[in-house]
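Here the structure comes first, spelled out in structure tokens, and everything after it is commentary.
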Amino acid sequence: MATFLGIDYPSWWFLLIGAVFSGYAILDGFDLGAGAWHLFFRKEKSRRIALNAVGPVWDGNEVWLVIGGGALFAGFPHVYATLFSAMYIPFMLFLLFLILRAISIEFRSKEEMKWWRKLWDTTYSVASIALALALGIVLGNVLQGMDIGPDKEFAGSWLEFLNPYAFLVGFTTLALFMMHGAIYLLMKTEGRLYAKLTVLLKRGIIAFVILFSITSLYTLIYIPHLSDDFKSQPALFIVPVLTFLAIANIPRLSAKRKFRQAFFFSALSIAFLLVLVAIELYPTMLLSTLDPTYSIDVYNAASSEKSLGIMLIFAAIGIPLVGGYTYFVYKTFAGKVELDEMSY
Amino acid sequence: MDVEILARIQFAFTIAFHYIYPPLSIGLGLIMVIMEGQYLRTGNKVYETLARFWTKIFALTFGIGVATGIVMEFEFGTNWATYSRYVGDVFGSALAAEGIFAFALESGFLGVLLFGWNRVSSKVHFIATLGVWLGSMFSAVWIVIANSWQQTPAGYHIVGEGVEARAEITDFWAMVFNPSSVDRLLHVWIGAFLAGAFLVLSVHAYYLLKGKHVELSKKAFKIALGVAIVFSLAQLATGHSSAEGVAENQPAKLAALEGHFDSLAVADMYLVGWVDKKEQKVTGIKVPGGLSFLTHWDFEEPVKGLNYFPEDERPTALNAIFQFYHLMVAIGMILIGLSLYAGWLWWRGRLFDHRWLLRIFVGAVLLPQVANQVGWFAAEMGRQPWVVYGHLRTSDALSKVVTANQVLFSLIMFTIVYVLLFGLFVYLLNKKIKHGPEEPKLMDKRPRQKAMVN
């Protein structure tokens, strides 16, 4: 099997897709988190500033989801097909909320009427919360495994996806994004909204730490297969330790009001958490709870070597470009939000 | 209803709705690039005002385009899992390329295009507009390549048998330049330019009729008319070239487009007609031997008709395909006539003298939209019963685990959401048009606040 730097192509794609979804979680994570806080802001002006803090970037952030979806389709068609058809109803609802979030950002400030703005503010916030929850629920189910039959097709009922562990991961994700989003907003705001956010951030951090601890314990006790890799290779313990250190830096830096650095560490925490997920799963991508031999892994799901090789070239060309645009946009809109006649 | 028909209705409905918007983004993008280019070249503020005005409308179409576009990417996996497994190796790479090369460019620069007016110089802003436009053009490239591969597969081989069979890529460039991709891409691009141009023509014709924003509207009208003249004519060429490709690569589709039944006979070309599938006959106004002439440059040369193909390898919705195709062609001709006539008046210096012509232009905005829609319907329905021409049947491409009720649920959900969305779109578009362009206030050139919190 062809390798690049000693790693075979399917494993590269596992890493790359993992990196793209981490990018998505970090970037859209703060949009969703900011959206989840939206109704906590009472004043019209505050809401507009919060909305315009994500205004120029949310669309670019969502691209990471599109790239991730496309890469999954191309790199691991069986994972894409099995997961998406199994989670038909959850994914349809996910799409619904994605549309609702997009249009509420777009439409909210187009009319002056109070009811109009209230309607879209509520839709925006509810959709953001639902999306964060849904991402966590999908992740929770992927971690636990699902009823996959010998033909790589899902053999259960979609109602199984609504289980306590999935909800636990869902709420943890929501709390993580809300913490991350609050820090982002603190970098973009000033005055009363800023003061209010410092209070909200404290609550967000507490909620996240509690939920994260429960999820970790639950995982260790009830889903032992996820810690197998750590037991067999103790060197990997460095990852949870680094994750813990990254998370610990968030309250420390927030207390000193160094929000830029805190944001760096909350982004790092998200990345480390997903590295943990990747280690727990690899080489399995969709674990079968019916029979482990039915599981879909990076090898039996991957596209041909030829196809993966072509797309590695795409990635080598494309990722620096995407990085470049992203840098340019964030640089253009660096600093506190200023509203003008073109704002949302 | 069974899963297949529901899933097909859902795909058709969601893609048709989505396809209202991307052509507008591509077409308006082109016109905004011209407007901003003119501003940079001449320094005339009018062009900047125009570009700013159209940016706001662009934002509306782009936003809905993105929101409804992600649905499409997910729908392959949710509704067409077997298809996804079959084509992922080939089709997936085109889709991934769209994400990384096109969509990222588009969405990355969008923020600067929409909100950067007061933050970056007009040159940098022009680059952002160009970036967004090129991104939308590249999106079309990869999506049309992916679809064209389904129409005329190339650069692949089939591995495995029966339910395990799937297509694997063997030659990337052969896949990219499959026999229909270039013709169809040009046809799609130009269809999009016309959609954008006719929207601009419509809005500014409306202002001219109302006597509002007159000077500015005349400039914008001329820019868009230039685009309309060049590309309505060019569309005739790409359309013809596309049809030749269909004749060569998808003869059953060609036969369906013209309602040509006899298995090997001289084929007529209809201007209008009605297809009776049972009687295997078309009633209408025709050019005898016209199709033979257009495919072989010979009125006497026989063309393969529908009966040449096994019954289960022919498209079924014959009259619909015929009507959609002919409507598209007829609209193309009307657009050429309208653009050329207006161009002639422009040359004579009497472009804005006829109110009736301006009224026609107000309504003509719908024509390219309808042509784009029915053209795709003819192309996709003409490909049936295949989803990958000659290899995978649409009925075999579904998700095995998804039930009719689930599809029905999502279909109802999308119908409700999209109807609301369309209503809001029309309302807000109308509002923006009524509000009209405004002279920019004194530019806010305050230095950007760099100080961060720490």
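Each chain in the structure tokens gets a letter, A, B and so on, in the order shown; residues start at 1 in every chain, and ligands are counted from 1 in the order they appear.
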
Name the residues in contact with Thr219 (chain A) at a cut-off of 12 Å, using only C-alpha atoms, excluding same-chain residues fewer than 6 positions from it; report them as a ChimeraX atom specification. /A:140,143-144,164-166,168-169,212-213,225-228,277,280

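Neighbouring residues of region 255-269 of chain A at 7 Å or closer, counting only C-alpha atoms and skipping chain neighbours under 3 positions away, are Ile26, His180, Ile183, Tyr184, Leu186, Met187, Thr243, Ala246, Ile247, Asn249, Ile250, Pro251, Arg252, Phe272 and Leu273 of chain A; Val453 and Asn454 of chain B.
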
Serialized selection, C-alpha atoms, as a compact mmCIF listing (two decimals), in the first residue's frame:
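Final file, result_1.txt:
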# COMPACT_ATOMS: atom_id res chain seq x y z
CA ILE A 26 -13.12 25.67 16.27
CA HIS A 180 -15.61 29.42 23.21
CA ILE A 183 -14.49 34.42 24.66
CA TYR A 184 -14.76 35.31 20.97
CA LEU A 186 -15.28 39.37 24.49
CA MET A 187 -12.55 40.03 21.92
CA THR A 243 -6.11 18.61 26.92
CA ALA A 246 -5.26 23.61 27.72
CA ILE A 247 -8.65 23.68 29.43
CA ASN A 249 -5.57 27.82 30.98
CA ILE A 250 -8.96 29.14 29.93
CA PRO A 251 -10.25 30.26 33.36
CA ARG A 252 -6.76 31.39 34.34
CA PHE A 272 -7.12 18.26 21.61
CA LEU A 273 -10.56 16.91 22.45
CA VAL B 453 -8.42 43.80 25.50
CA ASN B 454 -5.22 42.54 27.03

Taking the chain letters and numbering used in this document, name the residues of region 210-441 of chain B that DSSP puts in strand (DSSP E), as a PDB file with C-alpha atoms, in the first residue's frame.
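The resulting file, states-v7.pdb, is shown below:
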ATOM      1  CA  LEU B 264     -33.548   4.409 -37.490  1.00  0.00           C
ATOM      2  CA  ALA B 265     -35.145   7.072 -39.642  1.00  0.00           C
ATOM      3  CA  VAL B 266     -34.801  10.629 -40.795  1.00  0.00           C
ATOM      4  CA  MET B 269     -37.099  19.017 -35.635  1.00  0.00           C
ATOM      5  CA  TYR B 270     -40.123  20.564 -33.938  1.00  0.00           C
ATOM      6  CA  LEU B 271     -40.644  24.217 -33.147  1.00  0.00           C
ATOM      7  CA  VAL B 272     -43.634  23.346 -30.976  1.00  0.00           C
ATOM      8  CA  GLY B 273     -45.395  20.058 -30.517  1.00  0.00           C
ATOM      9  CA  TRP B 274     -47.131  17.542 -28.311  1.00  0.00           C
ATOM     10  CA  VAL B 275     -45.831  14.030 -27.728  1.00  0.00           C
ATOM     11  CA  ASP B 276     -48.289  11.141 -27.623  1.00  0.00           C
ATOM     12  CA  LYS B 281     -46.362  10.305 -32.472  1.00  0.00           C
ATOM     13  CA  VAL B 282     -45.686  14.030 -32.208  1.00  0.00           C
ATOM     14  CA  THR B 283     -48.153  16.632 -33.396  1.00  0.00           C
ATOM     15  CA  GLY B 284     -46.779  20.078 -34.089  1.00  0.00           C
ATOM     16  CA  ILE B 285     -44.923  22.437 -36.380  1.00  0.00           C
ATOM     17  CA  LYS B 286     -41.758  20.825 -37.647  1.00  0.00           C
ATOM     18  CA  VAL B 287     -38.789  21.213 -39.926  1.00  0.00           C
ATOM     19  CA  PRO B 302     -31.187   8.631 -40.282  1.00  0.00           C
ATOM     20  CA  VAL B 303     -30.969   9.208 -36.530  1.00  0.00           C
ATOM     21  CA  LYS B 304     -31.446   6.574 -33.806  1.00  0.00           C
ATOM     22  CA  TRP B 386     -29.936   5.946 -15.333  1.00  0.00           C
ATOM     23  CA  VAL B 387     -28.368   7.932 -12.575  1.00  0.00           C
ATOM     24  CA  VAL B 388     -24.915   7.085 -13.964  1.00  0.00           C
ATOM     25  CA  LEU B 392     -26.366   2.548 -12.354  1.00  0.00           C
ATOM     26  CA  ARG B 393     -30.124   2.815 -12.449  1.00  0.00           C
TER      27      ARG B 393
END

Give me the residues near Glu438 (chain B) as a list in words, where near means some atom within 9 Å (using only C-alpha atoms) and where sequence neighbours in that chain fewer than 3 positions away do not count. Thr49, Leu50, Arg52, Phe53, His435 and Lys441 of chain B

For region 30-45 of chain B, please output as a ChimeraX atom specification all residues within 9 Å (counting only C-alpha atoms; exclusion window: fewer than 5 positions along the same chain). /B:25,50-52,54-55,122-123,125-127,129-130,133-134,193,196-197,200,220,223-224,227,439

Go ahead and write the residues just picked, N, CA and C atoms, as a compact mmCIF listing (two decimals), in the first residue's frame.
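For reference, result.txt as written:
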# COMPACT_ATOMS: atom_id res chain seq x y z
N SER B 25 -25.96 34.49 -8.40
CA SER B 25 -24.67 34.87 -7.80
C SER B 25 -23.60 34.98 -8.87
N LEU B 50 -23.51 52.00 -7.72
CA LEU B 50 -24.16 50.83 -8.34
C LEU B 50 -23.64 49.53 -7.73
N ALA B 51 -22.31 49.44 -7.60
CA ALA B 51 -21.73 48.21 -7.07
C ALA B 51 -22.22 47.97 -5.65
N ARG B 52 -22.30 49.04 -4.86
CA ARG B 52 -22.77 48.88 -3.48
C ARG B 52 -24.23 48.42 -3.45
N TRP B 54 -25.86 46.71 -5.78
CA TRP B 54 -25.98 45.32 -6.21
C TRP B 54 -25.38 44.34 -5.23
N THR B 55 -24.39 44.84 -4.45
CA THR B 55 -23.84 43.98 -3.40
C THR B 55 -24.91 43.54 -2.42
N SER B 122 -10.37 50.55 -2.43
CA SER B 122 -11.24 50.06 -3.49
C SER B 122 -10.56 49.01 -4.34
N LYS B 123 -9.24 49.04 -4.40
CA LYS B 123 -8.54 47.99 -5.14
C LYS B 123 -8.68 46.63 -4.46
N HIS B 125 -10.94 45.84 -2.41
CA HIS B 125 -12.33 45.43 -2.50
C HIS B 125 -12.64 44.79 -3.85
N PHE B 126 -12.07 45.37 -4.88
CA PHE B 126 -12.26 44.80 -6.21
C PHE B 126 -11.73 43.37 -6.26
N ILE B 127 -10.57 43.16 -5.63
CA ILE B 127 -10.00 41.80 -5.61
C ILE B 127 -10.93 40.85 -4.87
N THR B 129 -14.20 41.12 -4.62
CA THR B 129 -15.35 40.86 -5.49
C THR B 129 -14.98 39.86 -6.57
N LEU B 130 -13.79 40.06 -7.13
CA LEU B 130 -13.31 39.14 -8.16
C LEU B 130 -13.15 37.74 -7.57
N TRP B 133 -16.54 36.15 -7.20
CA TRP B 133 -17.09 35.77 -8.51
C TRP B 133 -16.37 34.54 -9.06
N LEU B 134 -15.03 34.55 -9.00
CA LEU B 134 -14.28 33.40 -9.51
C LEU B 134 -14.63 32.15 -8.71
N PHE B 193 -24.87 33.91 -16.50
CA PHE B 193 -24.61 35.32 -16.85
C PHE B 193 -25.92 35.98 -17.30
N GLY B 196 -28.18 36.80 -14.36
CA GLY B 196 -27.74 38.01 -13.67
C GLY B 196 -28.02 39.26 -14.49
N ALA B 197 -27.67 39.19 -15.77
CA ALA B 197 -27.84 40.37 -16.63
C ALA B 197 -29.31 40.78 -16.70
N VAL B 200 -30.49 42.60 -13.59
CA VAL B 200 -30.04 44.00 -13.58
C VAL B 200 -30.86 44.82 -14.58
N ALA B 220 -26.09 51.35 -15.76
CA ALA B 220 -26.19 49.94 -15.38
C ALA B 220 -26.89 49.14 -16.48
N ILE B 223 -24.47 48.35 -19.25
CA ILE B 223 -23.51 47.28 -18.90
C ILE B 223 -24.20 45.92 -19.05
N ALA B 224 -25.39 45.81 -18.45
CA ALA B 224 -26.08 44.52 -18.46
C ALA B 224 -26.52 44.14 -19.87
N VAL B 227 -23.67 42.59 -21.71
CA VAL B 227 -23.52 41.20 -21.29
C VAL B 227 -24.59 40.33 -21.95
N GLU B 439 -26.58 57.32 -2.60
CA GLU B 439 -25.24 57.88 -2.61
C GLU B 439 -24.58 57.54 -1.29

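Checking A:Leu286, A:Leu32, A:Leu276, A:Ile105 one by one against Leu119 (chain A), counting only C-alpha atoms, you find the shortest gap at A:Ile105.
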
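Here CA of Gly155 (chain B) is placed at a distance of 5.3 Å from CA of Thr170 (chain B).
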
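You will find CA of Tyr80 (chain A) at 27.2 Å from CA of Phe230 (chain A).
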
Quick one: contact table of region 112-200 of chain B to region 381-384 of chain B, 12 Å max, nearest atom pair and distance in Å to one decimal per residue, counting only C-alpha atoms, chain and number order, as a Markdown table?
| residue | atom | partner | partner_atom | distance |
| --- | --- | --- | --- | --- |
| B:Asn147 | CA | B:Arg383 | CA | 10.8 |
| B:Ser148 | CA | B:Arg383 | CA | 10.7 |
| B:Trp149 | CA | B:Arg383 | CA | 11.8 |
| B:Gln150 | CA | B:Arg383 | CA | 8.8 |
| B:Gln151 | CA | B:Arg383 | CA | 6.7 |
| B:Thr152 | CA | B:Arg383 | CA | 9.9 |

Measuring atom to atom with only C-alpha atoms, identify which of A:Gly204, A:Gly335, A:Gly136, A:Pro90 is nearest to chain B. A:Gly335

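The space between CA of Ile70 (chain B) and CA of Gly27 (chain B) spans 20.6 Å.
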
To test your reading of the structure, identify every residue in region 341-413 of chain B that backbone DSSP assigns to alpha helix (DSSP H), and report it as a ChimeraX atom specification. /B:341-347,355-363,366-383,404-413

Identify, on the basis of only C-alpha atoms, every residue whose closest approach to Asn300 (chain A) does not exceed 9 Å; exclude the query and any residue fewer than 3 positions from it along the same chain; express the result as a PDB file with C-alpha atoms, in the first residue's frame.
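And here is the file that came out, selection_5.pdb:
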ATOM      1  CA  PHE A  76     -14.647   7.200   2.772  1.00  0.00           C
ATOM      2  CA  HIS A  78     -19.049   3.928   2.950  1.00  0.00           C
ATOM      3  CA  SER A 295     -17.368  -2.264  11.780  1.00  0.00           C
ATOM      4  CA  ILE A 296     -16.426   0.208   9.111  1.00  0.00           C
ATOM      5  CA  ASP A 297     -12.813   1.268   9.389  1.00  0.00           C
ATOM      6  CA  SER A 303     -11.703   5.045  -1.797  1.00  0.00           C
TER       7      SER A 303
END

Skipping near chain neighbours, those fewer than 3 positions away, what residues fall within 10 Å of Ser84 (chain B) using only C-alpha atoms, listed as a list in words? Phe73, Ala74, Phe76, Pro77, His78, Val79, Tyr80, Ala81 and Thr82 of chain A; Glu75, Phe76, Gly77, Thr78, Asn79, Trp80, Ala81, Val87, Gly88, Asp89, Val90, Phe91, Gly92, Arg166, Ala397, Leu398 and Ser399 of chain B

Write a file of the just-selected residues containing C-alpha atoms, as a PDB file, in the first residue's frame.
ATOM      1  CA  PHE A  73     -17.879  11.437   0.632  1.00  0.00           C
ATOM      2  CA  ALA A  74     -14.730  11.257  -1.482  1.00  0.00           C
ATOM      3  CA  PHE A  76     -14.647   7.200   2.772  1.00  0.00           C
ATOM      4  CA  PRO A  77     -17.825   6.760   0.718  1.00  0.00           C
ATOM      5  CA  HIS A  78     -19.049   3.928   2.950  1.00  0.00           C
ATOM      6  CA  VAL A  79     -18.789   6.012   6.092  1.00  0.00           C
ATOM      7  CA  TYR A  80     -20.570   8.897   4.398  1.00  0.00           C
ATOM      8  CA  ALA A  81     -23.313   6.655   3.005  1.00  0.00           C
ATOM      9  CA  THR A  82     -23.867   4.559   6.134  1.00  0.00           C
TER      10      THR A  82
ATOM     11  CA  GLU B  75     -28.780  14.570   0.401  1.00  0.00           C
ATOM     12  CA  PHE B  76     -26.479  12.272  -1.577  1.00  0.00           C
ATOM     13  CA  GLY B  77     -25.636  10.461   1.629  1.00  0.00           C
ATOM     14  CA  THR B  78     -29.044  10.560   3.276  1.00  0.00           C
ATOM     15  CA  ASN B  79     -31.276   9.643   0.323  1.00  0.00           C
ATOM     16  CA  TRP B  80     -28.895   8.067  -2.169  1.00  0.00           C
ATOM     17  CA  ALA B  81     -26.497   6.028  -0.066  1.00  0.00           C
ATOM     18  CA  VAL B  87     -19.624   6.921  -7.183  1.00  0.00           C
ATOM     19  CA  GLY B  88     -17.771   8.245  -4.119  1.00  0.00           C
ATOM     20  CA  ASP B  89     -14.375   7.423  -5.553  1.00  0.00           C
ATOM     21  CA  VAL B  90     -15.027   9.547  -8.653  1.00  0.00           C
ATOM     22  CA  PHE B  91     -17.882  11.946  -7.964  1.00  0.00           C
ATOM     23  CA  GLY B  92     -16.773  12.573  -4.400  1.00  0.00           C
ATOM     24  CA  ARG B 166     -18.493   0.574  -7.693  1.00  0.00           C
ATOM     25  CA  ALA B 397     -29.232   4.118  -6.207  1.00  0.00           C
ATOM     26  CA  LEU B 398     -31.422   4.710  -3.149  1.00  0.00           C
ATOM     27  CA  SER B 399     -30.531   4.376   0.517  1.00  0.00           C
TER      28      SER B 399
END
